[in-house]
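**Q** Below are the structure tokens for one structure; questions will follow.
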Amino acid sequence: MVVQSQLVFDHFAPIKSCKHTALFTGIPVIDLSDPEAKTHIVKACEDFGFFKVVNHGVSDDLIGALEAQALKFFHLPQSEKEKAGPADPFGYGSKRIGPNGDVGWIEYLLLNTNHELISEKSLFILRENPEIFRCAVEEYILAVKKMACEVLEAMAEGLGIEKHDLSRLLKDERSDCCFRLNHYPPCPELEALSGRNLIGFGEHTDPQIISVLRSNNTTGLHICLRDGSWVPVPPDQRSFFINVGDSLQVMTNGRFNSVKHKVLADPTKPRFSMIYFGGPPLNEKIAPLASILEEGEQRLYKEFTWWDYKNSAYKSRLAACRLRPFELKNLTPLLT
């Protein structure tokens, strides 16, 4: 056991725990039924790039059905799960996150939300009837996408721009959205490490426009505040958490903050999360919106297509500042 534990820790690089051990109570909570939600959303995006949504309209039954089907898959023997992998990037992955050397105490399924593009191995998620899982995924994505568009439309109204300027990018039939199911198994060996935590998913920002996260009631998610401090987010399995993505930071010319976040493993409890990543069509041009810029305000970012940025982002390590090559003050050739 000692040898096994040492191998685990050597491979996954334990890190010191965050200074803030108490759960952070300052996360903005947005009630989507509140007529003033648009104002609160804009402020939350400016201050944190992150907020919790309640009265979201996604039923508990829908959430529970998908979680049950996903956990059935994650509880299969490893040899069975690996038939849905390796991730390319879609499909089943374990420990390795992307092609650039990032690792974590995690296993996951990554699916394209366009069902016509999902590969056969991504559909292999249950022994007997994978269509049950597929139906649960599609119904969940439909409901969460609708809620994400409502958030973006409220956000647009709060910014004083056309209501559909942001949501149209997700509603476009060519939108490049994806869906991720993350399972962080317990890591009992952590109890032997005083004041140290194992990385489940390393620090990063999301490159898309918006991310919609739902998790079980296990802690582990941390966000980085604007002052550089890391704080643990209280879990809430009946609510959703919204992340501002890099593309939205660019479109608002830095007014909104693409939040850096990470997940730390728990020694005794499994963490399960489901994330919808709302991305634009591949050929969509991303740039600061002229309708948002104040008179005389300088653009902070050059114009690029979502394909340009996606290609660059996925060639970088998780913790890299992926937007830096696209800043006007730091122009460098695009990665090809």
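Note on naming: chains are A, B, ... as they come in the structure tokens, residues start from 1 per chain, ligands start from 1 in the order shown.
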Would you give me, as a PyMOL selection string, the residues in segment 125-317 of chain A that DSSP reads as alpha helix (DSSP H)?

**A** chain A and resi 130-159+168-171+246-251+306-313

**Q** Find the residues around Glu46 of chain A up to 10 Å (only C-alpha atoms counted), leave out those fewer than 2 positions away in its own chain, and share them as an MDAnalysis selection string.

**A** chainID A and resid 40:44 48:50 226 244 249 252 254:258

**Q** For Leu282 of chain A, please output as a count of residues only all residues within 8 Å (counting only C-alpha atoms; exclusion window: fewer than 6 positions along the same chain).

**A** 6

**Q** Return the single residue from A:Asn182, A:Asn197, A:Asn112, A:Thr205 that is closest to Phe73 of chain A, with distances computed using only C-alpha atoms.

**A** A:Asn182

**Q** Can you tell me, as a PyMOL selection string, what residues are no more than 8 Å from segment 146-160 of chain A when counting only C-alpha atoms, ignoring any on the same chain fewer than 3 positions away?

**A** chain A and resi 32+37-39+41-42+56-58+142-143+163-167+170-171+210+212+278+292

**Q** Near Leu62 of chain A, counting only C-alpha atoms, which residues have an atom at most 9 Å away, once you skip same-chain residues fewer than 4 positions from it, shown as a PyMOL selection string?

**A** chain A and resi 58+66-67+136+139-140+143

**Q** From the set A:Leu225, A:Leu300, A:Ile63, A:Ile97, which residue has the shortest atom-to-atom contact distance to Ile27 of chain A, counting only C-alpha atoms?

**A**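 Ranked by minimum distance to Ile27 of chain A, first place goes to A:Leu225.
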
**Q** DSSP on the backbone, then: every residue of segment 145-213 of chain A marked strand (DSSP E), written as an MDAnalysis selection string.

**A** chainID A and resid 178:184 196:197 199:204 210:213
